[in-house]
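Peer 1: So here's my_file.cif (mmCIF, C-alpha atoms).
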data_query
#
loop_
_atom_site.group_PDB
_atom_site.id
_atom_site.type_symbol
_atom_site.label_atom_id
_atom_site.label_comp_id
_atom_site.auth_asym_id
_atom_site.auth_seq_id
_atom_site.Cartn_x
_atom_site.Cartn_y
_atom_site.Cartn_z
ATOM 1 C CA MET J 1 -24.691 58.353 25.801
ATOM 2 C CA LYS J 2 -23.723 58.704 22.164
ATOM 3 C CA LEU J 3 -20.329 57.140 22.875
ATOM 4 C CA LYS J 4 -22.013 54.204 24.569
ATOM 5 C CA MET J 5 -24.318 53.678 21.586
ATOM 6 C CA LYS J 6 -21.386 53.810 19.206
ATOM 7 C CA TYR J 7 -19.545 51.279 21.351
ATOM 8 C CA ASN J 8 -22.563 48.951 21.411
ATOM 9 C CA LEU J 9 -22.954 49.251 17.643
ATOM 10 C CA ALA J 10 -19.277 48.492 17.149
ATOM 11 C CA VAL J 11 -19.535 45.411 19.357
ATOM 12 C CA PHE J 12 -22.725 44.339 17.578
ATOM 13 C CA PHE J 13 -21.206 44.591 14.112
ATOM 14 C CA SER J 14 -18.035 42.864 15.306
ATOM 15 C CA LEU J 15 -20.098 39.966 16.560
ATOM 16 C CA ILE J 16 -21.976 39.749 13.271
ATOM 17 C CA PHE J 17 -18.709 39.807 11.330
ATOM 18 C CA LEU J 18 -17.284 37.116 13.607
ATOM 19 C CA LEU J 19 -20.363 34.946 13.206
ATOM 20 C CA LEU J 20 -20.297 35.324 9.431
ATOM 21 C CA SER J 21 -16.595 34.483 9.339
ATOM 22 C CA CYS J 22 -17.160 31.373 11.463
ATOM 23 C CA LYS J 23 -20.032 30.382 9.215
ATOM 24 C CA ASP J 24 -17.842 30.742 6.118
ATOM 25 C CA ASP J 25 -15.057 28.726 7.741
ATOM 26 C CA ASN J 26 -17.506 26.001 8.707
ATOM 27 C CA GLN J 27 -18.942 25.884 5.198
ATOM 28 C CA LYS J 28 -15.435 25.637 3.717
ATOM 29 C CA ARG J 29 -14.549 22.891 6.171
ATOM 30 C CA ILE J 30 -17.725 20.979 5.368
ATOM 31 C CA ALA J 31 -17.080 21.350 1.633
ATOM 32 C CA GLU J 32 -13.487 20.119 2.047
ATOM 33 C CA ASN J 33 -14.654 17.146 4.117
ATOM 34 C CA GLU J 34 -17.243 16.263 1.488
ATOM 35 C CA LYS J 35 -14.580 16.397 -1.231
ATOM 36 C CA ALA J 36 -12.265 14.200 0.843
ATOM 37 C CA ILE J 37 -15.050 11.663 1.397
ATOM 38 C CA GLN J 38 -15.884 11.637 -2.317
ATOM 39 C CA ARG J 39 -12.211 11.199 -3.159
ATOM 40 C CA ARG J 40 -11.885 8.254 -0.763
ATOM 41 C CA GLU J 41 -14.989 6.673 -2.264
ATOM 42 C CA ILE J 42 -13.557 7.041 -5.776
ATOM 43 C CA ILE J 43 -10.229 5.544 -4.651
ATOM 44 C CA PHE J 44 -12.004 2.641 -2.954
ATOM 45 C CA THR J 45 -14.141 1.958 -6.039
ATOM 46 C CA ASN J 46 -11.141 2.034 -8.385
ATOM 47 C CA VAL J 47 -9.018 -0.190 -6.143
ATOM 48 C CA GLN J 48 -11.868 -2.640 -5.680
ATOM 49 C CA LYS J 49 -12.462 -2.901 -9.441
ATOM 50 C CA GLY J 50 -8.757 -3.327 -10.195
ATOM 51 C CA TRP J 51 -8.116 -5.844 -7.397
ATOM 52 C CA VAL J 52 -8.289 -8.969 -9.560
ATOM 53 C CA PHE J 53 -5.430 -11.428 -9.072
ATOM 54 C CA TYR J 54 -4.560 -14.686 -10.823
ATOM 55 C CA ASP J 55 -5.203 -16.669 -7.645
ATOM 56 C CA THR J 56 -5.398 -20.118 -9.278
ATOM 57 C CA PRO J 57 -2.528 -22.039 -10.906
ATOM 58 C CA VAL J 58 -2.227 -21.334 -14.629
ATOM 59 C CA THR J 59 0.218 -24.136 -15.457
ATOM 60 C CA GLU J 60 0.344 -27.845 -14.679
ATOM 61 C CA ALA J 61 3.617 -27.566 -12.773
ATOM 62 C CA SER J 62 2.191 -24.802 -10.592
ATOM 63 C CA GLU J 63 -0.950 -26.814 -9.902
ATOM 64 C CA ASN J 64 1.087 -29.859 -8.904
ATOM 65 C CA SER J 65 3.388 -27.804 -6.668
ATOM 66 C CA VAL J 66 0.416 -26.585 -4.601
ATOM 67 C CA ALA J 67 0.286 -30.002 -2.916
ATOM 68 C CA THR J 68 3.934 -29.982 -1.844
ATOM 69 C CA TRP J 69 4.901 -26.300 -1.551
ATOM 70 C CA SER J 70 2.771 -24.980 1.312
ATOM 71 C CA GLU J 71 4.077 -21.391 1.046
ATOM 72 C CA TRP J 72 2.961 -21.214 -2.587
ATOM 73 C CA ARG J 73 -0.450 -22.652 -1.715
ATOM 74 C CA ILE J 74 -0.910 -20.165 1.166
ATOM 75 C CA PHE J 75 0.106 -17.213 -1.011
ATOM 76 C CA LEU J 76 -2.415 -18.127 -3.729
ATOM 77 C CA ALA J 77 -5.114 -18.591 -1.077
ATOM 78 C CA GLU J 78 -4.327 -15.119 0.291
ATOM 79 C CA LEU J 79 -4.675 -13.644 -3.201
ATOM 80 C CA ALA J 80 -8.082 -15.289 -3.560
ATOM 81 C CA GLN J 81 -9.523 -13.508 -0.496
ATOM 82 C CA LYS J 82 -10.623 -10.114 -1.794
ATOM 83 C CA PRO J 83 -11.065 -7.332 0.809
ATOM 84 C CA LYS J 84 -14.457 -5.659 1.201
ATOM 85 C CA LYS J 85 -16.163 -2.492 2.467
ATOM 86 C CA THR J 86 -13.239 -0.174 3.322
ATOM 87 C CA ILE J 87 -9.860 0.947 2.016
ATOM 88 C CA GLY J 88 -8.496 -0.093 5.415
ATOM 89 C CA ALA J 89 -9.324 -3.702 4.557
ATOM 90 C CA PHE J 90 -7.199 -3.401 1.412
ATOM 91 C CA GLN J 91 -4.359 -1.914 3.467
ATOM 92 C CA GLN J 92 -4.453 -4.858 5.878
ATOM 93 C CA LYS J 93 -4.605 -7.295 2.970
ATOM 94 C CA SER J 94 -1.535 -5.746 1.310
ATOM 95 C CA LYS J 95 0.464 -6.201 4.528
ATOM 96 C CA SER J 96 -0.614 -9.840 4.743
ATOM 97 C CA LEU J 97 0.248 -10.418 1.077
ATOM 98 C CA THR J 98 3.727 -8.996 1.653
ATOM 99 C CA LYS J 99 4.380 -11.475 4.466
ATOM 100 C CA LYS J 100 3.070 -14.398 2.430
ATOM 101 C CA ALA J 101 5.105 -13.348 -0.626
ATOM 102 C CA MET J 102 8.331 -13.108 1.393
ATOM 103 C CA ALA J 103 7.673 -16.603 2.762
ATOM 104 C CA LEU J 104 7.946 -17.974 -0.802
ATOM 105 C CA ASN J 105 11.719 -17.907 -0.324
ATOM 106 C CA ASP J 106 11.331 -20.610 2.336
ATOM 107 C CA ASN J 107 11.155 -24.311 1.549
ATOM 108 C CA ILE J 108 11.329 -23.951 -2.223
ATOM 109 C CA PRO J 109 10.983 -27.470 -3.688
ATOM 110 C CA PHE J 110 14.344 -28.899 -4.741
ATOM 111 C CA GLU J 111 13.435 -29.042 -8.435
ATOM 112 C CA PHE J 112 12.522 -25.335 -8.387
ATOM 113 C CA SER J 113 15.411 -24.155 -6.223
ATOM 114 C CA LYS J 114 17.139 -22.545 -9.179
ATOM 115 C CA PRO J 115 18.305 -18.967 -9.956
ATOM 116 C CA GLN J 116 15.612 -18.381 -12.594
ATOM 117 C CA ILE J 117 12.873 -19.242 -10.076
ATOM 118 C CA LYS J 118 14.438 -17.317 -7.197
ATOM 119 C CA SER J 119 14.887 -14.186 -9.321
ATOM 120 C CA ARG J 120 11.208 -14.246 -10.294
ATOM 121 C CA ILE J 121 10.171 -14.695 -6.671
ATOM 122 C CA SER J 122 12.345 -11.715 -5.744
ATOM 123 C CA THR J 123 10.674 -9.550 -8.414
ATOM 124 C CA LEU J 124 7.235 -10.687 -7.265
ATOM 125 C CA ILE J 125 8.049 -9.760 -3.657
ATOM 126 C CA THR J 126 9.228 -6.295 -4.743
ATOM 127 C CA LYS J 127 5.959 -5.660 -6.615
ATOM 128 C CA VAL J 128 3.844 -6.775 -3.640
ATOM 129 C CA GLN J 129 5.867 -4.551 -1.294
ATOM 130 C CA MET J 130 5.296 -1.570 -3.612
ATOM 131 C CA LEU J 131 1.555 -2.324 -3.569
ATOM 132 C CA ASP J 132 1.616 -2.228 0.232
ATOM 133 C CA LEU J 133 3.556 1.053 0.174
ATOM 134 C CA PHE J 134 1.150 2.816 -2.193
ATOM 135 C CA LEU J 135 -1.942 1.644 -0.330
ATOM 136 C CA ASN J 136 -0.629 3.082 2.934
ATOM 137 C CA LEU J 137 0.176 6.578 1.635
ATOM 138 C CA ASP J 138 -1.949 9.496 2.827
ATOM 139 C CA ASN J 139 -2.981 10.192 -0.757
ATOM 140 C CA ILE J 140 -3.399 6.758 -2.321
ATOM 141 C CA PRO J 141 -2.466 6.724 -6.025
ATOM 142 C CA ASP J 142 -5.291 4.419 -7.102
ATOM 143 C CA LYS J 143 -4.118 4.251 -10.728
ATOM 144 C CA LYS J 144 -0.661 3.067 -9.636
ATOM 145 C CA VAL J 145 -2.268 0.507 -7.322
ATOM 146 C CA THR J 146 -4.333 -1.032 -10.129
ATOM 147 C CA GLN J 147 -1.288 -0.938 -12.415
ATOM 148 C CA LEU J 148 0.736 -2.830 -9.805
ATOM 149 C CA VAL J 149 -1.979 -5.476 -9.528
ATOM 150 C CA ALA J 150 -1.633 -6.053 -13.280
ATOM 151 C CA GLU J 151 2.175 -6.217 -12.975
ATOM 152 C CA ILE J 152 1.938 -8.725 -10.115
ATOM 153 C CA ASN J 153 -0.290 -10.895 -12.305
ATOM 154 C CA LEU J 154 2.362 -10.831 -15.036
ATOM 155 C CA GLU J 155 5.019 -11.891 -12.517
ATOM 156 C CA LEU J 156 2.772 -14.721 -11.319
ATOM 157 C CA VAL J 157 2.390 -16.013 -14.875
ATOM 158 C CA SER J 158 6.119 -15.669 -15.533
ATOM 159 C CA LEU J 159 6.971 -17.635 -12.384
ATOM 160 C CA GLN J 160 4.549 -20.435 -13.188
ATOM 161 C CA ARG J 161 5.690 -20.733 -16.797
ATOM 162 C CA GLN J 162 9.259 -21.034 -15.570
ATOM 163 C CA MET J 163 8.120 -23.869 -13.306
ATOM 164 C CA ASP J 164 6.678 -25.614 -16.359
ATOM 165 C CA LYS J 165 9.903 -25.143 -18.329
ATOM 166 C CA ILE J 166 11.942 -26.741 -15.546
ATOM 167 C CA VAL J 167 9.566 -29.681 -15.267
ATOM 168 C CA ASP J 168 9.445 -30.158 -19.042
ATOM 169 C CA LYS J 169 13.235 -30.087 -19.243
ATOM 170 C CA SER J 170 13.575 -32.666 -16.486
ATOM 171 C CA ASN J 171 11.144 -34.959 -18.319
ATOM 172 C CA ILE J 172 13.086 -34.955 -21.609
ATOM 173 C CA PRO J 173 14.416 -38.528 -22.070
ATOM 174 C CA VAL J 174 18.180 -38.917 -22.327
ATOM 175 C CA GLU J 175 19.150 -39.825 -25.894
ATOM 176 C CA GLU J 176 20.753 -43.198 -26.542
ATOM 177 C CA GLY J 177 24.491 -43.025 -26.005
ATOM 178 C CA GLU J 178 24.282 -39.643 -24.228
ATOM 179 C CA SER J 179 24.210 -41.257 -20.794
ATOM 180 C CA ASP J 180 27.314 -43.380 -21.587
ATOM 181 C CA LEU J 181 29.115 -40.327 -22.939
ATOM 182 C CA LEU J 182 28.400 -38.380 -19.747
ATOM 183 C CA LYS J 183 29.679 -41.297 -17.670
ATOM 184 C CA MET J 184 32.885 -41.462 -19.731
ATOM 185 C CA MET J 185 33.411 -37.732 -19.276
ATOM 186 C CA ASP J 186 32.994 -38.077 -15.525
ATOM 187 C CA THR J 187 35.403 -41.054 -15.457
ATOM 188 C CA SER J 188 38.028 -39.196 -17.488
ATOM 189 C CA ARG J 189 37.876 -36.326 -15.045
ATOM 190 C CA ALA J 190 38.479 -38.731 -12.181
ATOM 191 C CA ILE J 191 41.656 -40.264 -13.726
ATOM 192 C CA PRO J 192 44.767 -38.412 -12.512
ATOM 193 C CA ASN J 193 46.838 -36.719 -15.162
ATOM 194 C CA THR J 194 49.987 -38.904 -14.839
ATOM 195 C CA PRO J 195 52.689 -38.972 -17.545
ATOM 196 C CA ILE J 196 53.012 -42.118 -19.710
ATOM 197 C CA ILE J 197 56.491 -43.669 -19.373
ATOM 198 C CA ASP J 198 57.964 -45.361 -22.468
ATOM 199 C CA PRO J 199 60.186 -48.312 -21.286
ATOM 200 C CA ASN J 200 62.393 -47.972 -24.401
ATOM 201 C CA ILE J 201 63.539 -44.487 -23.418
ATOM 202 C CA PRO J 202 66.538 -44.648 -21.051
ATOM 203 C CA ARG J 203 65.945 -42.990 -17.727
ATOM 204 C CA VAL J 204 68.266 -40.172 -16.724
ATOM 205 C CA GLU J 205 69.737 -40.814 -13.316
#
Mind turning the file's structure into structure tokens?
Peer 2:
Amino acid sequence: MKLKMKYNLAVFFSLIFLLLSCKDDNQKRIAENEKAIQRREIIFTNVQKGWVFYDTPVTEASENSVATWSEWRIFLAELAQKPKKTIGAFQQKSKSLTKKAMALNDNIPFEFSKPQIKSRISTLITKVQMLDLFLNLDNIPDKKVTQLVAEINLELVSLQRQMDKIVDKSNIPVEEGESDLLKMMDTSRAIPNTPIIDPNIPRVE
């Protein structure tokens, strides 16, 4: 009888210990979940505040190119559409921005199809791809995301200012006499380099 009572007591205390342990585990899990939710909310808030792009042309050349360079126009329009509500919306937006940025390499207007423009487009694409990468990590580095947004804005300004430089250079009038000089240089290059024969010098047979 005493053995049975001891056994029952042992089972009873084991059950209590098990219940208390489960309760502690549940409380820890709930606390961890609450921290994770708070962290996601902080990340979302920081990303949302920092998600401010230069989505309108900042130079005359850029504004004019919107009408003829559809890829540039579509990319700026994509920048203008700010995600809302969830971090998942920002993740989807970053993927879309990457595709639109890569498309900038297609159909570049002839006047802008130059190394200095292409190199800036390449840098811009790299920055947008990094933004997409950071936003899709398990632990999103929100400070790096907002920093990248600022860097992308700098690349956008740099690209548009380079457009203006190219347009300004093409509009510089040719100085008087410069056009004739260039023509003469082209003509001289076209004349074959043949030796001049002096008729007074006897030819050696």
Peer 1: With all atoms listed in the file counted and 9 Å as the cut-off, give the residues of segment 76-149 of chain J in contact with segment 52-72 of chain J, each with its shortest interatomic distance in Å and the pair that gives it, as a Markdown table.
Peer 2:
| residue | atom | partner | partner_atom | distance |
| --- | --- | --- | --- | --- |
| J:Leu76 | CA | J:Asp55 | CA | 5.0 |
| J:Ala77 | CA | J:Asp55 | CA | 6.8 |
| J:Glu78 | CA | J:Asp55 | CA | 8.1 |
| J:Leu79 | CA | J:Asp55 | CA | 5.4 |
| J:Ala80 | CA | J:Asp55 | CA | 5.2 |
| J:Gln81 | CA | J:Asp55 | CA | 8.9 |
| J:Lys82 | CA | J:Val52 | CA | 8.2 |
| J:Lys100 | CA | J:Glu71 | CA | 7.2 |
| J:Ala101 | CA | J:Glu71 | CA | 8.3 |
| J:Ala103 | CA | J:Glu71 | CA | 6.2 |
| J:Leu104 | CA | J:Glu71 | CA | 5.5 |
| J:Asn105 | CA | J:Glu71 | CA | 8.5 |
| J:Asp106 | CA | J:Glu71 | CA | 7.4 |
| J:Asn107 | CA | J:Trp69 | CA | 7.3 |
| J:Ile108 | CA | J:Trp69 | CA | 6.9 |
| J:Pro109 | CA | J:Trp69 | CA | 6.6 |
| J:Thr146 | CA | J:Val52 | CA | 8.9 |
| J:Val149 | CA | J:Phe53 | CA | 6.9 |
Peer 1: Using all atoms listed in the file and a cutoff of 8 Å, can you tell me which residues are near (7.5, -6.2, -2.0) in the file's coordinates, and write them out as a PDB file with C-alpha atoms, in the coordinates of the input?
Peer 2:
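Contents of out-v7.pdb, freshly written:
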ATOM      1  CA  THR J  98       3.727  -8.996   1.653  1.00  0.00           C
ATOM      2  CA  ALA J 101       5.105 -13.348  -0.626  1.00  0.00           C
ATOM      3  CA  MET J 102       8.331 -13.108   1.393  1.00  0.00           C
ATOM      4  CA  THR J 123      10.674  -9.550  -8.414  1.00  0.00           C
ATOM      5  CA  LEU J 124       7.235 -10.687  -7.265  1.00  0.00           C
ATOM      6  CA  ILE J 125       8.049  -9.760  -3.657  1.00  0.00           C
ATOM      7  CA  THR J 126       9.228  -6.295  -4.743  1.00  0.00           C
ATOM      8  CA  LYS J 127       5.959  -5.660  -6.615  1.00  0.00           C
ATOM      9  CA  VAL J 128       3.844  -6.775  -3.640  1.00  0.00           C
ATOM     10  CA  GLN J 129       5.867  -4.551  -1.294  1.00  0.00           C
ATOM     11  CA  MET J 130       5.296  -1.570  -3.612  1.00  0.00           C
ATOM     12  CA  LEU J 131       1.555  -2.324  -3.569  1.00  0.00           C
ATOM     13  CA  ASP J 132       1.616  -2.228   0.232  1.00  0.00           C
TER      14      ASP J 132
END
Peer 1: Taking the file as shown, what set of residues would the PyMOL selection byres ((chain J and resi 83-92) around 6) give back, as a PDB file with C-alpha atoms, keeping the file's coordinate frame?
Peer 2:
ATOM      1  CA  PHE J  44     -12.004   2.641  -2.954  1.00  0.00           C
ATOM      2  CA  LYS J  82     -10.623 -10.114  -1.794  1.00  0.00           C
ATOM      3  CA  LYS J  93      -4.605  -7.295   2.970  1.00  0.00           C
ATOM      4  CA  SER J  94      -1.535  -5.746   1.310  1.00  0.00           C
ATOM      5  CA  LYS J  95       0.464  -6.201   4.528  1.00  0.00           C
ATOM      6  CA  LEU J 135      -1.942   1.644  -0.330  1.00  0.00           C
TER       7      LEU J 135
END
Peer 1: Given the file shown, determine the residues that the PyMOL selection byres ((chain J and resi 142) around 9) selects; report them as a compact mmCIF listing (two decimals) with C-alpha atoms, keeping the file's coordinate frame.
Peer 2:
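Final output, expr_24.txt:
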# COMPACT_ATOMS: atom_id res chain seq x y z
CA ILE J 42 -13.56 7.04 -5.78
CA ILE J 43 -10.23 5.54 -4.65
CA PHE J 44 -12.00 2.64 -2.95
CA ASN J 46 -11.14 2.03 -8.38
CA VAL J 47 -9.02 -0.19 -6.14
CA PHE J 134 1.15 2.82 -2.19
CA LEU J 135 -1.94 1.64 -0.33
CA ASN J 139 -2.98 10.19 -0.76
CA ILE J 140 -3.40 6.76 -2.32
CA PRO J 141 -2.47 6.72 -6.02
CA LYS J 143 -4.12 4.25 -10.73
CA LYS J 144 -0.66 3.07 -9.64
CA VAL J 145 -2.27 0.51 -7.32
CA THR J 146 -4.33 -1.03 -10.13
CA GLN J 147 -1.29 -0.94 -12.42
Peer 1: In Å, rounded to a single decimal, give me how far atom CA of Met163 of chain J is from atom CA of Ser96 of chain J.
Peer 2: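 These two atoms are separated by 24.5 Å.
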Peer 1: I need the residue nearest Lys49 of chain J from this list: J:Ala150, J:Ile37, J:Ile172, J:Ile166. Use all atoms listed in the file for the distance.
Peer 2: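 So, comparing all the options, the nearest one is J:Ala150.
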Peer 1: How far is it from atom CA of Gly50 of chain J to atom CA of Leu154 of chain J, in Å with one decimal?
Peer 2: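 A separation of 14.3 Å between them.
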Peer 1: Any idea what the distance is between atom CA of Glu155 of chain J and atom CA of Ile121 of chain J?
Peer 2: 8.3 Å
Peer 1: In terms of the shortest atom-to-atom distance over all atoms listed in the file, which of J:Phe75, J:Asp164, J:Asp138, J:Ser158 is closest to Phe112 of chain J?
Peer 2: J:Asp164
